[in-house]
Amino acid sequence: MPEQNYRIFSAEDLTWTDRSLWDQFLALCLEDPRAPAIIDAAERGWTRDEIRLQAERIAARLREKDIGPHDRVLIEGQKRISTIAVALAVSSLGAVICPYSPTLSPADRAVLVREPRDPKILPKKTHTK
């Protein structure tokens, strides 16, 4: 499978503040919801509003699983549009994004789960698109 490269809003669009990733992304959505947010390697684009809506759907499912502020959520760090939407969803709930490599051995993954607070592991079926 060819390497896929995604671009999300540029670094110039973000300001380092106490605002969460979600809050900063939402502010960009309010400015121009139809502006491109992500363009994949095939040049298919997703608007800010499309990503926001996807993130809100994922956040609703995560909330049903009792994920909330300060929970750690492991996210398999694959280069997919859905990974970005999941990261935004986790941020919108005030939870902490804990990306990990799918190439980690089961032993290394077990260390992630035990340290320092047990994370709530994100089921693969939450990924969409």
# chains A, B, ... in the order shown; residues from 1 in each chain; ligands from 1
call {"tool": "residues_around", "arguments": {"residues": "range 28-30 of chain A", "least_positions_apart": "5", "cutoff": "8 Å", "atoms": "only C-alpha atoms", "output": "list in words"}}
result
Asp13, Ala35, Arg48, Asp49 and Arg52 of chain A
call {"tool": "write_last_selection", "arguments": {"atoms": "N, CA, C and O atoms", "output": "PDB file, in the first residue's frame"}}
result
ATOM      1  N   ASP A  13      -2.216  28.539  11.233  1.00  0.00           N
ATOM      2  CA  ASP A  13      -3.607  28.672  11.642  1.00  0.00           C
ATOM      3  C   ASP A  13      -3.786  28.484  13.143  1.00  0.00           C
ATOM      4  O   ASP A  13      -4.820  28.810  13.690  1.00  0.00           O
ATOM      5  N   ALA A  35     -13.991  25.716   4.079  1.00  0.00           N
ATOM      6  CA  ALA A  35     -12.567  25.731   3.713  1.00  0.00           C
ATOM      7  C   ALA A  35     -12.010  24.312   3.808  1.00  0.00           C
ATOM      8  O   ALA A  35     -12.448  23.520   4.638  1.00  0.00           O
ATOM      9  N   ARG A  48     -13.541  21.662   6.551  1.00  0.00           N
ATOM     10  CA  ARG A  48     -13.512  21.762   8.013  1.00  0.00           C
ATOM     11  C   ARG A  48     -14.819  21.238   8.600  1.00  0.00           C
ATOM     12  O   ARG A  48     -14.814  20.533   9.601  1.00  0.00           O
ATOM     13  N   ASP A  49     -15.939  21.584   7.966  1.00  0.00           N
ATOM     14  CA  ASP A  49     -17.229  21.173   8.490  1.00  0.00           C
ATOM     15  C   ASP A  49     -17.435  19.655   8.390  1.00  0.00           C
ATOM     16  O   ASP A  49     -18.004  19.052   9.287  1.00  0.00           O
ATOM     17  N   ARG A  52     -15.461  18.231  11.194  1.00  0.00           N
ATOM     18  CA  ARG A  52     -16.127  18.556  12.459  1.00  0.00           C
ATOM     19  C   ARG A  52     -17.301  17.621  12.703  1.00  0.00           C
ATOM     20  O   ARG A  52     -17.460  17.065  13.791  1.00  0.00           O
TER      21      ARG A  52
END
call {"tool": "select_by_dssp", "arguments": {"residues": "range 30-69 of chain A", "states": "strand (DSSP E or B)", "output": "PyMOL selection string"}}
result
chain A and resi 36-39+45-47
call {"tool": "write_last_selection", "arguments": {"atoms": "N, CA, C and O atoms", "output": "PDB file, in the first residue's frame"}}
result
ATOM      1  N   PRO A  36     -11.044  23.986   2.955  1.00  0.00           N
ATOM      2  CA  PRO A  36     -10.439  22.655   3.043  1.00  0.00           C
ATOM      3  C   PRO A  36      -9.730  22.470   4.382  1.00  0.00           C
ATOM      4  O   PRO A  36      -9.043  23.365   4.855  1.00  0.00           O
ATOM      5  N   ALA A  37      -9.939  21.304   4.981  1.00  0.00           N
ATOM      6  CA  ALA A  37      -9.264  20.976   6.242  1.00  0.00           C
ATOM      7  C   ALA A  37      -8.169  19.965   5.983  1.00  0.00           C
ATOM      8  O   ALA A  37      -7.080  20.068   6.529  1.00  0.00           O
ATOM      9  N   ILE A  38      -8.471  18.979   5.162  1.00  0.00           N
ATOM     10  CA  ILE A  38      -7.526  17.893   4.898  1.00  0.00           C
ATOM     11  C   ILE A  38      -7.578  17.563   3.413  1.00  0.00           C
ATOM     12  O   ILE A  38      -8.651  17.488   2.834  1.00  0.00           O
ATOM     13  N   ILE A  39      -6.411  17.353   2.849  1.00  0.00           N
ATOM     14  CA  ILE A  39      -6.327  16.889   1.472  1.00  0.00           C
ATOM     15  C   ILE A  39      -5.446  15.653   1.497  1.00  0.00           C
ATOM     16  O   ILE A  39      -4.311  15.706   1.984  1.00  0.00           O
ATOM     17  N   GLY A  45     -10.423  16.117  -1.009  1.00  0.00           N
ATOM     18  CA  GLY A  45     -10.443  17.033   0.119  1.00  0.00           C
ATOM     19  C   GLY A  45     -11.651  16.868   1.016  1.00  0.00           C
ATOM     20  O   GLY A  45     -12.717  16.441   0.578  1.00  0.00           O
ATOM     21  N   TRP A  46     -11.447  17.168   2.289  1.00  0.00           N
ATOM     22  CA  TRP A  46     -12.514  17.210   3.274  1.00  0.00           C
ATOM     23  C   TRP A  46     -12.542  18.619   3.831  1.00  0.00           C
ATOM     24  O   TRP A  46     -11.495  19.178   4.181  1.00  0.00           O
ATOM     25  N   THR A  47     -13.721  19.181   3.922  1.00  0.00           N
ATOM     26  CA  THR A  47     -13.837  20.531   4.458  1.00  0.00           C
ATOM     27  C   THR A  47     -13.745  20.484   5.977  1.00  0.00           C
ATOM     28  O   THR A  47     -13.887  19.433   6.603  1.00  0.00           O
TER      29      THR A  47
END
call {"tool": "residues_around", "arguments": {"residues": "Leu21 in chain A", "least_positions_apart": "5", "cutoff": "8 Å", "atoms": "only C-alpha atoms", "output": "PDB file with N, CA and C atoms, in the first residue's frame"}}
result
ATOM      1  N   LEU A  88      -9.567  14.613  17.151  1.00  0.00           N
ATOM      2  CA  LEU A  88     -10.399  15.792  17.439  1.00  0.00           C
ATOM      3  C   LEU A  88     -11.547  15.428  18.382  1.00  0.00           C
ATOM      4  N   SER A  91     -10.209  15.029  21.895  1.00  0.00           N
ATOM      5  CA  SER A  91      -9.925  16.362  22.421  1.00  0.00           C
ATOM      6  C   SER A  91     -11.210  17.086  22.821  1.00  0.00           C
ATOM      7  N   SER A  92     -12.273  16.917  22.021  1.00  0.00           N
ATOM      8  CA  SER A  92     -13.534  17.606  22.331  1.00  0.00           C
ATOM      9  C   SER A  92     -14.136  17.135  23.652  1.00  0.00           C
TER      10      SER A  92
END
call {"tool": "residues_around", "arguments": {"residues": "Thr103 in chain A", "least_positions_apart": "4", "cutoff": "12 Å", "atoms": "only C-alpha atoms", "output": "short mmCIF file (atom, residue, chain, number, x, y, z; two decimals) with N, CA and C atoms, in the first residue's frame"}}
result
data_model
loop_
_atom_site.label_atom_id
_atom_site.label_comp_id
_atom_site.auth_asym_id
_atom_site.auth_seq_id
_atom_site.Cartn_x
_atom_site.Cartn_y
_atom_site.Cartn_z
N GLU A 76 -4.51 4.05 17.61
CA GLU A 76 -3.52 3.47 16.72
C GLU A 76 -3.12 4.53 15.72
N GLY A 77 -1.85 4.91 15.71
CA GLY A 77 -1.37 6.03 14.92
C GLY A 77 -1.20 5.70 13.44
N GLN A 78 -2.31 5.44 12.77
CA GLN A 78 -2.25 5.20 11.34
C GLN A 78 -2.52 6.49 10.59
N ALA A 107 3.85 -6.96 24.05
CA ALA A 107 4.46 -6.64 25.36
C ALA A 107 4.59 -5.13 25.54
N ASP A 108 5.04 -4.43 24.48
CA ASP A 108 5.17 -2.97 24.58
C ASP A 108 3.81 -2.31 24.70
N ARG A 109 2.83 -2.84 23.99
CA ARG A 109 1.48 -2.29 24.09
C ARG A 109 0.93 -2.48 25.51
#
call {"tool": "residues_around", "arguments": {"residues": "Ile75 in chain A", "least_positions_apart": "4", "cutoff": "7 Å", "atoms": "only C-alpha atoms", "output": "PyMOL selection string"}}
result
chain A and resi 97-100+122
call {"tool": "residues_around", "arguments": {"residues": "Leu62 in chain A", "least_positions_apart": "4", "cutoff": "9 Å", "atoms": "only C-alpha atoms", "output": "ChimeraX atom specification"}}
result
/A:57-58,66-68,89-90,93,122,126
call {"tool": "write_last_selection", "arguments": {"atoms": "N, CA, C and O atoms", "output": "mmCIF file, in the first residue's frame"}}
result
data_model
loop_
_atom_site.group_PDB
_atom_site.id
_atom_site.type_symbol
_atom_site.label_atom_id
_atom_site.label_comp_id
_atom_site.auth_asym_id
_atom_site.auth_seq_id
_atom_site.Cartn_x
_atom_site.Cartn_y
_atom_site.Cartn_z
ATOM 1 N N ARG A 57 -19.705 12.978 15.602
ATOM 2 C CA ARG A 57 -20.334 11.641 15.624
ATOM 3 C C ARG A 57 -19.493 10.666 16.444
ATOM 4 O O ARG A 57 -20.014 9.894 17.254
ATOM 5 N N ILE A 58 -18.184 10.719 16.235
ATOM 6 C CA ILE A 58 -17.290 9.837 16.986
ATOM 7 C C ILE A 58 -17.333 10.184 18.475
ATOM 8 O O ILE A 58 -17.391 9.302 19.331
ATOM 9 N N ASP A 66 -18.533 6.118 28.111
ATOM 10 C CA ASP A 66 -18.089 6.788 29.344
ATOM 11 C C ASP A 66 -16.675 7.366 29.242
ATOM 12 O O ASP A 66 -15.956 7.429 30.224
ATOM 13 N N ILE A 67 -16.283 7.790 28.071
ATOM 14 C CA ILE A 67 -14.999 8.476 27.923
ATOM 15 C C ILE A 67 -15.250 9.960 28.134
ATOM 16 O O ILE A 67 -16.169 10.534 27.548
ATOM 17 N N GLY A 68 -14.440 10.550 29.008
ATOM 18 C CA GLY A 68 -14.633 11.954 29.323
ATOM 19 C C GLY A 68 -13.325 12.612 29.718
ATOM 20 O O GLY A 68 -12.241 12.091 29.434
ATOM 21 N N ALA A 89 -12.156 14.257 18.172
ATOM 22 C CA ALA A 89 -13.256 13.819 19.035
ATOM 23 C C ALA A 89 -12.781 13.630 20.475
ATOM 24 O O ALA A 89 -13.434 14.071 21.419
ATOM 25 N N VAL A 90 -11.640 12.985 20.628
ATOM 26 C CA VAL A 90 -11.081 12.763 21.968
ATOM 27 C C VAL A 90 -10.802 14.110 22.635
ATOM 28 O O VAL A 90 -11.147 14.327 23.803
ATOM 29 N N LEU A 93 -13.788 15.920 24.073
ATOM 30 C CA LEU A 93 -14.303 15.381 25.335
ATOM 31 C C LEU A 93 -13.403 15.723 26.518
ATOM 32 O O LEU A 93 -13.703 15.350 27.651
ATOM 33 N N LEU A 122 -9.523 2.632 22.503
ATOM 34 C CA LEU A 122 -10.492 2.957 21.467
ATOM 35 C C LEU A 122 -10.672 1.767 20.544
ATOM 36 O O LEU A 122 -9.725 1.316 19.921
ATOM 37 N N THR A 126 -14.640 2.357 15.914
ATOM 38 C CA THR A 126 -14.930 3.777 16.026
ATOM 39 C C THR A 126 -14.388 4.544 14.829
ATOM 40 O O THR A 126 -14.902 5.567 14.460
#
call {"tool": "atom_distance", "arguments": {"atom1": "CA of Glu56 in chain A", "atom2": "CA of Leu104 in chain A"}}
result
29.0 Å
call {"tool": "decode", "arguments": {"residues": "range 65-89 of chain A", "atoms": "N, CA, C and O atoms", "output": "short mmCIF file (atom, residue, chain, number, x, y, z; two decimals), in the first residue's frame"}}
result
data_model
loop_
_atom_site.label_atom_id
_atom_site.label_comp_id
_atom_site.auth_asym_id
_atom_site.auth_seq_id
_atom_site.Cartn_x
_atom_site.Cartn_y
_atom_site.Cartn_z
N LYS A 65 -19.49 5.39 25.74
CA LYS A 65 -18.57 4.43 26.36
C LYS A 65 -17.94 5.03 27.62
O LYS A 65 -16.94 4.54 28.11
N ASP A 66 -18.53 6.12 28.11
CA ASP A 66 -18.09 6.79 29.34
C ASP A 66 -16.67 7.37 29.24
O ASP A 66 -15.96 7.43 30.22
N ILE A 67 -16.28 7.79 28.07
CA ILE A 67 -15.00 8.48 27.92
C ILE A 67 -15.25 9.96 28.13
O ILE A 67 -16.17 10.53 27.55
N GLY A 68 -14.44 10.55 29.01
CA GLY A 68 -14.63 11.95 29.32
C GLY A 68 -13.33 12.61 29.72
O GLY A 68 -12.24 12.09 29.43
N PRO A 69 -13.42 13.76 30.39
CA PRO A 69 -12.23 14.53 30.75
C PRO A 69 -11.20 13.68 31.49
O PRO A 69 -11.54 12.88 32.37
N HIS A 70 -9.97 13.86 31.07
CA HIS A 70 -8.78 13.25 31.68
C HIS A 70 -8.62 11.75 31.41
O HIS A 70 -7.63 11.18 31.84
N ASP A 71 -9.57 11.13 30.73
CA ASP A 71 -9.37 9.73 30.34
C ASP A 71 -8.28 9.69 29.28
O ASP A 71 -8.17 10.60 28.44
N ARG A 72 -7.47 8.65 29.31
CA ARG A 72 -6.46 8.45 28.27
C ARG A 72 -7.03 7.49 27.24
O ARG A 72 -7.53 6.44 27.59
N VAL A 73 -6.97 7.89 25.99
CA VAL A 73 -7.51 7.06 24.91
C VAL A 73 -6.38 6.70 23.96
O VAL A 73 -5.76 7.57 23.36
N LEU A 74 -6.10 5.40 23.86
CA LEU A 74 -5.08 4.94 22.92
C LEU A 74 -5.65 4.98 21.52
O LEU A 74 -6.76 4.50 21.28
N ILE A 75 -4.90 5.57 20.62
CA ILE A 75 -5.29 5.66 19.22
C ILE A 75 -4.17 5.06 18.39
O ILE A 75 -3.03 5.50 18.49
N GLU A 76 -4.51 4.05 17.61
CA GLU A 76 -3.52 3.47 16.72
C GLU A 76 -3.12 4.53 15.72
O GLU A 76 -3.95 5.04 14.98
N GLY A 77 -1.85 4.91 15.71
CA GLY A 77 -1.37 6.03 14.92
C GLY A 77 -1.20 5.70 13.44
O GLY A 77 -0.09 5.68 12.94
N GLN A 78 -2.31 5.44 12.77
CA GLN A 78 -2.25 5.20 11.34
C GLN A 78 -2.52 6.49 10.59
O GLN A 78 -3.21 7.36 11.08
N LYS A 79 -1.99 6.57 9.40
CA LYS A 79 -2.14 7.78 8.58
C LYS A 79 -3.46 7.69 7.83
O LYS A 79 -3.50 7.32 6.66
N ARG A 80 -4.52 8.03 8.53
CA ARG A 80 -5.86 8.02 7.96
C ARG A 80 -6.59 9.28 8.35
O ARG A 80 -6.36 9.83 9.42
N ILE A 81 -7.52 9.66 7.52
CA ILE A 81 -8.38 10.80 7.84
C ILE A 81 -9.12 10.51 9.15
O ILE A 81 -9.26 11.39 9.99
N SER A 82 -9.58 9.28 9.31
CA SER A 82 -10.35 8.94 10.51
C SER A 82 -9.54 9.12 11.78
O SER A 82 -10.09 9.46 12.83
N THR A 83 -8.22 8.93 11.71
CA THR A 83 -7.38 9.12 12.89
C THR A 83 -7.43 10.57 13.34
O THR A 83 -7.49 10.86 14.54
N ILE A 84 -7.44 11.49 12.39
CA ILE A 84 -7.53 12.91 12.72
C ILE A 84 -8.89 13.22 13.34
O ILE A 84 -8.98 13.92 14.35
N ALA A 85 -9.95 12.66 12.77
CA ALA A 85 -11.28 12.88 13.33
C ALA A 85 -11.39 12.30 14.73
O ALA A 85 -12.00 12.92 15.62
N VAL A 86 -10.80 11.14 14.97
CA VAL A 86 -10.83 10.54 16.31
C VAL A 86 -10.05 11.41 17.29
O VAL A 86 -10.51 11.66 18.41
N ALA A 87 -8.88 11.91 16.87
CA ALA A 87 -8.09 12.78 17.75
C ALA A 87 -8.88 14.03 18.12
O ALA A 87 -8.88 14.46 19.29
N LEU A 88 -9.57 14.61 17.15
CA LEU A 88 -10.40 15.79 17.44
C LEU A 88 -11.55 15.43 18.38
O LEU A 88 -11.87 16.18 19.30
N ALA A 89 -12.16 14.26 18.17
CA ALA A 89 -13.26 13.82 19.03
C ALA A 89 -12.78 13.63 20.47
O ALA A 89 -13.43 14.07 21.42
#
